[in-house]
file coords_37.pdb (PDB, C-alpha atoms)
ATOM      1  CA  MET A 103       3.030 -57.646   6.148  1.00  0.00           C
ATOM      2  CA  GLY A 104       0.018 -57.175   3.922  1.00  0.00           C
ATOM      3  CA  ILE A 105      -3.735 -57.103   4.140  1.00  0.00           C
ATOM      4  CA  LYS A 106      -4.423 -60.793   3.530  1.00  0.00           C
ATOM      5  CA  ASP A 107      -5.521 -61.778   7.048  1.00  0.00           C
ATOM      6  CA  ALA A 108      -7.662 -58.711   7.748  1.00  0.00           C
ATOM      7  CA  THR A 109     -11.143 -57.793   6.630  1.00  0.00           C
ATOM      8  CA  VAL A 110     -11.090 -54.387   4.961  1.00  0.00           C
ATOM      9  CA  LEU A 111     -14.309 -52.518   4.269  1.00  0.00           C
ATOM     10  CA  LEU A 112     -13.804 -49.532   1.954  1.00  0.00           C
ATOM     11  CA  GLN A 113     -16.254 -46.663   1.804  1.00  0.00           C
ATOM     12  CA  VAL A 114     -16.014 -45.213  -1.716  1.00  0.00           C
ATOM     13  CA  PRO A 115     -16.389 -42.279  -1.531  1.00  0.00           C
ATOM     14  CA  ALA A 116     -16.104 -41.616   2.183  1.00  0.00           C
ATOM     15  CA  THR A 117     -19.270 -40.041   3.558  1.00  0.00           C
ATOM     16  CA  GLN A 118     -17.245 -37.961   6.003  1.00  0.00           C
ATOM     17  CA  GLN A 119     -13.839 -36.309   6.011  1.00  0.00           C
ATOM     18  CA  PRO A 120     -11.017 -36.866   8.477  1.00  0.00           C
ATOM     19  CA  ASP A 121     -10.648 -34.679  11.561  1.00  0.00           C
ATOM     20  CA  PRO A 122     -10.181 -30.886  11.193  1.00  0.00           C
ATOM     21  CA  GLU A 123      -6.495 -31.103  12.220  1.00  0.00           C
ATOM     22  CA  THR A 124      -5.772 -33.393   9.272  1.00  0.00           C
ATOM     23  CA  LEU A 125      -7.421 -30.954   6.865  1.00  0.00           C
ATOM     24  CA  ALA A 126      -5.521 -28.031   8.422  1.00  0.00           C
ATOM     25  CA  VAL A 127      -2.136 -29.764   8.246  1.00  0.00           C
ATOM     26  CA  LEU A 128      -2.680 -30.846   4.641  1.00  0.00           C
ATOM     27  CA  LYS A 129      -3.408 -27.227   3.781  1.00  0.00           C
ATOM     28  CA  LEU A 130      -0.319 -26.155   5.720  1.00  0.00           C
ATOM     29  CA  ILE A 131       1.899 -28.432   3.593  1.00  0.00           C
ATOM     30  CA  GLY A 132       0.203 -27.377   0.363  1.00  0.00           C
ATOM     31  CA  ILE A 133      -1.952 -30.415  -0.362  1.00  0.00           C
ATOM     32  CA  THR A 134      -5.546 -29.939  -1.486  1.00  0.00           C
ATOM     33  CA  PRO A 135      -7.665 -33.086  -1.126  1.00  0.00           C
ATOM     34  CA  GLY A 136      -9.926 -33.889  -4.069  1.00  0.00           C
ATOM     35  CA  SER A 137     -11.740 -36.861  -2.532  1.00  0.00           C
ATOM     36  CA  TRP A 138     -11.493 -39.384   0.278  1.00  0.00           C
ATOM     37  CA  ILE A 139     -11.889 -43.106   0.891  1.00  0.00           C
ATOM     38  CA  SER A 140     -12.157 -44.501   4.388  1.00  0.00           C
ATOM     39  CA  ALA A 141     -11.111 -48.045   5.192  1.00  0.00           C
ATOM     40  CA  ASP A 142     -12.275 -50.023   8.198  1.00  0.00           C
ATOM     41  CA  ILE A 143      -9.454 -52.524   8.807  1.00  0.00           C
ATOM     42  CA  ASP A 144     -10.610 -55.331  11.067  1.00  0.00           C
ATOM     43  CA  ASN A 145      -7.552 -57.355  12.022  1.00  0.00           C
ATOM     44  CA  ARG A 146      -8.920 -58.896  15.212  1.00  0.00           C
ATOM     45  CA  LYS A 147      -8.330 -62.400  13.809  1.00  0.00           C
ATOM     46  CA  GLY A 148      -4.975 -61.592  12.197  1.00  0.00           C
ATOM     47  CA  GLN A 149      -1.606 -62.831  13.402  1.00  0.00           C
ATOM     48  CA  GLU A 150       0.460 -59.884  12.117  1.00  0.00           C
ATOM     49  CA  SER A 151      -0.068 -56.254  11.141  1.00  0.00           C
ATOM     50  CA  ALA A 152      -2.375 -55.484   8.222  1.00  0.00           C
ATOM     51  CA  VAL A 153      -1.207 -52.523   6.135  1.00  0.00           C
ATOM     52  CA  LEU A 154      -3.223 -50.566   3.565  1.00  0.00           C
ATOM     53  CA  ASN A 155      -1.283 -47.801   1.806  1.00  0.00           C
ATOM     54  CA  LEU A 156      -2.967 -47.577  -1.589  1.00  0.00           C
ATOM     55  CA  VAL A 157      -6.413 -47.979  -3.126  1.00  0.00           C
ATOM     56  CA  ALA A 158      -6.849 -47.502  -6.866  1.00  0.00           C
ATOM     57  CA  LEU A 159     -10.106 -46.975  -8.753  1.00  0.00           C
ATOM     58  CA  SER A 160     -10.264 -47.775 -12.459  1.00  0.00           C
ATOM     59  CA  THR A 161     -12.804 -45.972 -14.633  1.00  0.00           C
ATOM     60  CA  PRO A 162     -14.630 -47.549 -17.602  1.00  0.00           C
ATOM     61  CA  GLU A 163     -12.282 -45.526 -19.847  1.00  0.00           C
ATOM     62  CA  GLY A 164      -9.246 -47.138 -18.222  1.00  0.00           C
ATOM     63  CA  LYS A 165      -8.086 -44.203 -16.102  1.00  0.00           C
ATOM     64  CA  ARG A 166      -6.559 -45.211 -12.765  1.00  0.00           C
ATOM     65  CA  ILE A 167      -7.102 -42.874  -9.798  1.00  0.00           C
ATOM     66  CA  GLU A 168      -4.909 -43.576  -6.786  1.00  0.00           C
ATOM     67  CA  TYR A 169      -5.805 -42.917  -3.159  1.00  0.00           C
ATOM     68  CA  LYS A 170      -2.881 -42.927  -0.757  1.00  0.00           C
ATOM     69  CA  ALA A 171      -2.934 -43.409   3.004  1.00  0.00           C
ATOM     70  CA  LEU A 172      -2.047 -40.352   5.079  1.00  0.00           C
ATOM     71  CA  PRO A 173       1.369 -41.719   6.182  1.00  0.00           C
ATOM     72  CA  VAL A 174       2.339 -42.115   2.517  1.00  0.00           C
ATOM     73  CA  ILE A 175       1.190 -38.570   1.767  1.00  0.00           C
ATOM     74  CA  SER A 176       3.031 -37.236   4.815  1.00  0.00           C
ATOM     75  CA  ASN A 177       6.266 -39.012   3.876  1.00  0.00           C
ATOM     76  CA  ALA A 178       6.164 -37.411   0.415  1.00  0.00           C
ATOM     77  CA  ALA A 179       5.369 -33.909   1.730  1.00  0.00           C
ATOM     78  CA  LYS A 180       7.796 -31.046   1.353  1.00  0.00           C
ATOM     79  CA  ALA A 181       7.855 -29.615   4.866  1.00  0.00           C
ATOM     80  CA  SER A 182      11.358 -28.132   4.768  1.00  0.00           C
ATOM     81  CA  GLY A 183      10.089 -24.589   4.118  1.00  0.00           C
ATOM     82  CA  LEU A 184       7.816 -24.458   7.158  1.00  0.00           C
ATOM     83  CA  ASP A 185       8.506 -22.268  10.173  1.00  0.00           C
ATOM     84  CA  THR A 186       9.393 -24.106  13.392  1.00  0.00           C
ATOM     85  CA  ALA A 187       5.875 -24.114  14.877  1.00  0.00           C
ATOM     86  CA  SER A 188       4.305 -25.318  11.610  1.00  0.00           C
ATOM     87  CA  TYR A 189       7.009 -27.938  11.140  1.00  0.00           C
ATOM     88  CA  ASN A 190       6.457 -29.272  14.667  1.00  0.00           C
ATOM     89  CA  ARG A 191       2.696 -29.352  14.064  1.00  0.00           C
ATOM     90  CA  TRP A 192       3.273 -31.365  10.877  1.00  0.00           C
ATOM     91  CA  VAL A 193       5.653 -33.781  12.667  1.00  0.00           C
ATOM     92  CA  ASN A 194       3.178 -34.374  15.511  1.00  0.00           C
ATOM     93  CA  TRP A 195       0.321 -34.922  13.053  1.00  0.00           C
ATOM     94  CA  SER A 196       2.462 -37.140  10.833  1.00  0.00           C
ATOM     95  CA  ASN A 197       3.507 -39.350  13.747  1.00  0.00           C
ATOM     96  CA  ALA A 198      -0.163 -39.898  14.674  1.00  0.00           C
ATOM     97  CA  GLN A 199      -1.253 -41.118  11.214  1.00  0.00           C
ATOM     98  CA  ARG A 200      -2.025 -44.785  10.602  1.00  0.00           C
ATOM     99  CA  SER A 201      -2.207 -47.057   7.603  1.00  0.00           C
ATOM    100  CA  SER A 202      -2.180 -50.302   9.538  1.00  0.00           C
ATOM    101  CA  ALA A 203      -3.925 -52.359  12.178  1.00  0.00           C
ATOM    102  CA  TYR A 204      -1.874 -54.485  14.545  1.00  0.00           C
ATOM    103  CA  ALA A 205      -2.896 -58.094  15.124  1.00  0.00           C
ATOM    104  CA  GLY A 206      -6.068 -58.038  17.220  1.00  0.00           C
ATOM    105  CA  GLU A 207      -6.867 -54.413  16.364  1.00  0.00           C
ATOM    106  CA  ARG A 208      -9.582 -52.660  14.364  1.00  0.00           C
ATOM    107  CA  VAL A 209      -8.921 -49.139  12.997  1.00  0.00           C
ATOM    108  CA  THR A 210     -10.140 -46.634  10.420  1.00  0.00           C
ATOM    109  CA  VAL A 211      -7.594 -45.549   7.816  1.00  0.00           C
ATOM    110  CA  TRP A 212      -8.037 -42.502   5.579  1.00  0.00           C
ATOM    111  CA  LEU A 213      -6.880 -42.481   1.961  1.00  0.00           C
ATOM    112  CA  MET A 214      -6.822 -39.359  -0.179  1.00  0.00           C
ATOM    113  CA  SER A 215      -6.585 -38.395  -3.822  1.00  0.00           C
ATOM    114  CA  THR A 216      -6.044 -34.911  -5.180  1.00  0.00           C
ATOM    115  CA  GLU A 217      -8.589 -35.795  -7.870  1.00  0.00           C
ATOM    116  CA  PRO A 218     -12.380 -35.861  -7.461  1.00  0.00           C
ATOM    117  CA  ILE A 219     -14.077 -39.213  -7.082  1.00  0.00           C
ATOM    118  CA  PRO A 220     -14.863 -40.613 -10.523  1.00  0.00           C
ATOM    119  CA  ALA A 221     -18.524 -40.686 -11.512  1.00  0.00           C
ATOM    120  CA  GLU A 222     -18.162 -44.390 -12.227  1.00  0.00           C
ATOM    121  CA  PHE A 223     -15.502 -46.999 -11.588  1.00  0.00           C
ATOM    122  CA  VAL A 224     -15.297 -50.621 -12.658  1.00  0.00           C
ATOM    123  CA  ARG A 225     -12.451 -51.925 -10.527  1.00  0.00           C
ATOM    124  CA  VAL A 226     -11.017 -51.314  -7.053  1.00  0.00           C
ATOM    125  CA  ASP A 227      -7.555 -52.529  -6.081  1.00  0.00           C
ATOM    126  CA  ALA A 228      -6.037 -52.347  -2.601  1.00  0.00           C
ATOM    127  CA  ALA A 229      -2.355 -52.732  -1.748  1.00  0.00           C
ATOM    128  CA  SER A 230      -0.140 -52.606   1.303  1.00  0.00           C
ATOM    129  CA  GLY A 231       2.734 -51.086  -0.693  1.00  0.00           C
ATOM    130  CA  SER A 232       2.639 -47.471  -1.840  1.00  0.00           C
ATOM    131  CA  THR A 233       3.336 -48.481  -5.455  1.00  0.00           C
ATOM    132  CA  GLY A 234       0.438 -50.896  -5.809  1.00  0.00           C
ATOM    133  CA  ALA A 235       2.671 -53.958  -6.197  1.00  0.00           C
ATOM    134  CA  GLY A 236       0.893 -57.040  -4.915  1.00  0.00           C
ATOM    135  CA  SER A 237      -2.505 -55.395  -5.008  1.00  0.00           C
ATOM    136  CA  VAL A 238      -5.709 -57.300  -4.303  1.00  0.00           C
ATOM    137  CA  LYS A 239      -8.886 -56.770  -6.324  1.00  0.00           C
ATOM    138  CA  ALA A 240     -11.709 -55.710  -4.049  1.00  0.00           C
ATOM    139  CA  ALA A 241     -15.199 -57.164  -4.291  1.00  0.00           C
ATOM    140  CA  LYS A 242     -18.248 -54.923  -4.163  1.00  0.00           C
ATOM    141  CA  GLN A 243     -20.426 -55.523  -1.147  1.00  0.00           C
ATOM    142  CA  ALA A 244     -24.065 -56.265  -1.871  1.00  0.00           C
ATOM    143  CA  SER A 245     -26.430 -53.436  -0.970  1.00  0.00           C
TER     144      SER A 245
END

call {"tool": "encode", "arguments": {"input": "coords_37.pdb", "output": "structure tokens"}}
result
Amino acid sequence: MGIKDATVLLQVPATQQPDPETLAVLKLIGITPGSWISADIDNRKGQESAVLNLVALSTPEGKRIEYKALPVISNAAKASGLDTASYNRWVNWSNAQRSSAYAGERVTVWLMSTEPIPAEFVRVDAASGSTGAGSVKAAKQAS
């Protein structure tokens, strides 16, 4: 699996936020979003799933800001202290999150950072793994 056969269009920064339930559940598990990237994964010509778990922006000063897909964030969440209703809400939300498009599918994936979007960035890398291994340098689309 990877993102090699899909076309991925990143919106940096995202002009919208995810649905209100996502924002509410993130707050419930103690995560405050700083900024968002949305990714349109078009895998209609792919032969296997296309997965996007990490996007990293590099600033001119060399700082790397990572944006992680919601399933990655959910998997790292500490939900053990939640009451039963809140825990079930988190589980239902978590199960509905996507970071991939099956072969023949087109989906929108949300990636989040707890940091604000940098004023300027000089490089964008996208990876299917949550550690950034095997990342692909993104090209800026002409305006």

call {"tool": "closest_residue", "arguments": {"input": "coords_37.pdb", "among": "A:Val209, A:Leu159, A:Ala171, A:Ile131", "to": "Arg191 (chain A)", "atoms": "all atoms listed in the file"}}
result
A:Ile131

call {"tool": "atom_distance", "arguments": {"input": "coords_37.pdb", "atom1": "CA of Asn145 (chain A)", "atom2": "CA of Ser215 (chain A)"}}
result
24.7 Å

call {"tool": "residues_around", "arguments": {"input": "coords_37.pdb", "residues": "Val127 (chain A)", "least_positions_apart": "5", "cutoff": "12 Å", "atoms": "only C-alpha atoms", "output": "compact mmCIF listing (two decimals) with C-alpha atoms, in the frame of the given file"}}
result
# COMPACT_ATOMS: atom_id res chain seq x y z
CA PRO A 120 -11.02 -36.87 8.48
CA ASP A 121 -10.65 -34.68 11.56
CA PRO A 122 -10.18 -30.89 11.19
CA GLY A 132 0.20 -27.38 0.36
CA ILE A 133 -1.95 -30.42 -0.36
CA THR A 134 -5.55 -29.94 -1.49
CA PRO A 135 -7.66 -33.09 -1.13
CA LEU A 172 -2.05 -40.35 5.08
CA ILE A 175 1.19 -38.57 1.77
CA SER A 176 3.03 -37.24 4.82
CA ALA A 179 5.37 -33.91 1.73
CA ALA A 181 7.86 -29.62 4.87
CA LEU A 184 7.82 -24.46 7.16
CA ALA A 187 5.88 -24.11 14.88
CA SER A 188 4.30 -25.32 11.61
CA TYR A 189 7.01 -27.94 11.14
CA ASN A 190 6.46 -29.27 14.67
CA ARG A 191 2.70 -29.35 14.06
CA TRP A 192 3.27 -31.36 10.88
CA VAL A 193 5.65 -33.78 12.67
CA ASN A 194 3.18 -34.37 15.51
CA TRP A 195 0.32 -34.92 13.05
CA SER A 196 2.46 -37.14 10.83
CA GLN A 199 -1.25 -41.12 11.21

call {"tool": "residues_around", "arguments": {"input": "coords_37.pdb", "residues": "Ser201 (chain A)", "least_positions_apart": "6", "cutoff": "6 Å", "atoms": "all atoms listed in the file", "output": "PDB file with C-alpha atoms, keeping the file's coordinate frame"}}
result
ATOM      1  CA  VAL A 153      -1.207 -52.523   6.135  1.00  0.00           C
ATOM      2  CA  LEU A 154      -3.223 -50.566   3.565  1.00  0.00           C
ATOM      3  CA  ASN A 155      -1.283 -47.801   1.806  1.00  0.00           C
ATOM      4  CA  ALA A 171      -2.934 -43.409   3.004  1.00  0.00           C
ATOM      5  CA  VAL A 211      -7.594 -45.549   7.816  1.00  0.00           C
TER       6      VAL A 211
END

call {"tool": "atom_distance", "arguments": {"input": "coords_37.pdb", "atom1": "CA of Pro115 (chain A)", "atom2": "CA of Glu150 (chain A)"}}
result
27.9 Å

call {"tool": "closest_residue", "arguments": {"input": "coords_37.pdb", "among": "A:Ile143, A:Ala229, A:Leu130, A:Ala158", "to": "Asp185 (chain A)", "atoms": "all atoms listed in the file"}}
result
A:Leu130

call {"tool": "atom_distance", "arguments": {"input": "coords_37.pdb", "atom1": "CA of Ala116 (chain A)", "atom2": "CA of Asn177 (chain A)"}}
result
22.6 Å

call {"tool": "resolve_selection", "arguments": {"input": "coords_37.pdb", "expression": "the PyMOL selection byres ((chain A and resi 162) around 10)", "output": "VMD selection string"}}
result
chain A and resid 159 to 161 163 to 166 220 to 225

call {"tool": "closest_residue", "arguments": {"input": "coords_37.pdb", "among": "A:Ile105, A:Val114, A:Ala198, A:Val174", "to": "Ala228 (chain A)", "atoms": "all atoms listed in the file"}}
result
A:Ile105

call {"tool": "residues_around", "arguments": {"input": "coords_37.pdb", "residues": "Lys170 (chain A)", "least_positions_apart": "3", "cutoff": "6 Å", "atoms": "all atoms listed in the file", "output": "mmCIF file with C-alpha atoms, in the frame of the given file"}}
result
data_model
loop_
_atom_site.group_PDB
_atom_site.id
_atom_site.type_symbol
_atom_site.label_atom_id
_atom_site.label_comp_id
_atom_site.auth_asym_id
_atom_site.auth_seq_id
_atom_site.Cartn_x
_atom_site.Cartn_y
_atom_site.Cartn_z
ATOM 1 C CA ASN A 155 -1.283 -47.801 1.806
ATOM 2 C CA LEU A 156 -2.967 -47.577 -1.589
ATOM 3 C CA LEU A 213 -6.880 -42.481 1.961
ATOM 4 C CA MET A 214 -6.822 -39.359 -0.179
#

call {"tool": "closest_residue", "arguments": {"input": "coords_37.pdb", "among": "A:Lys180, A:Ala126, A:Ala205, A:Ile167", "to": "Lys147 (chain A)", "atoms": "all atoms listed in the file"}}
result
A:Ala205

call {"tool": "resolve_selection", "arguments": {"input": "coords_37.pdb", "expression": "the PyMOL selection byres ((chain A and resi 141) around 8)", "output": "list of chain:residue names"}}
result
A:Val110, A:Leu111, A:Leu112, A:Gln113, A:Ile139, A:Ser140, A:Asp142, A:Ile143, A:Thr210, A:Val211, A:Trp212, A:Leu213

call {"tool": "write_last_selection", "arguments": {"input": "coords_37.pdb", "atoms": "C-alpha atoms", "output": "PDB file, in the frame of the given file"}}
result
ATOM      1  CA  VAL A 110     -11.090 -54.387   4.961  1.00  0.00           C
ATOM      2  CA  LEU A 111     -14.309 -52.518   4.269  1.00  0.00           C
ATOM      3  CA  LEU A 112     -13.804 -49.532   1.954  1.00  0.00           C
ATOM      4  CA  GLN A 113     -16.254 -46.663   1.804  1.00  0.00           C
ATOM      5  CA  ILE A 139     -11.889 -43.106   0.891  1.00  0.00           C
ATOM      6  CA  SER A 140     -12.157 -44.501   4.388  1.00  0.00           C
ATOM      7  CA  ASP A 142     -12.275 -50.023   8.198  1.00  0.00           C
ATOM      8  CA  ILE A 143      -9.454 -52.524   8.807  1.00  0.00           C
ATOM      9  CA  THR A 210     -10.140 -46.634  10.420  1.00  0.00           C
ATOM     10  CA  VAL A 211      -7.594 -45.549   7.816  1.00  0.00           C
ATOM     11  CA  TRP A 212      -8.037 -42.502   5.579  1.00  0.00           C
ATOM     12  CA  LEU A 213      -6.880 -42.481   1.961  1.00  0.00           C
TER      13      LEU A 213
END

call {"tool": "closest_residue", "arguments": {"input": "coords_37.pdb", "among": "A:Thr109, A:Val157, A:Thr186, A:Ser137", "to": "Glu217 (chain A)", "atoms": "all atoms listed in the file"}}
result
A:Ser137

call {"tool": "closest_residue", "arguments": {"input": "coords_37.pdb", "among": "A:Pro173, A:Trp138, A:Tyr204, A:Gly148", "to": "Gly231 (chain A)", "atoms": "only C-alpha atoms"}}
result
A:Pro173

call {"tool": "axis_aligned_box", "arguments": {"input": "coords_37.pdb", "around": "region 173-189 of chain A", "padding_each_side": "3 Å", "output": "AutoDock Vina command-line options"}}
result
--center_x 6.3 --center_y -32.2 --center_z 7.6 --size_x 16.2 --size_y 25.8 --size_z 20.5
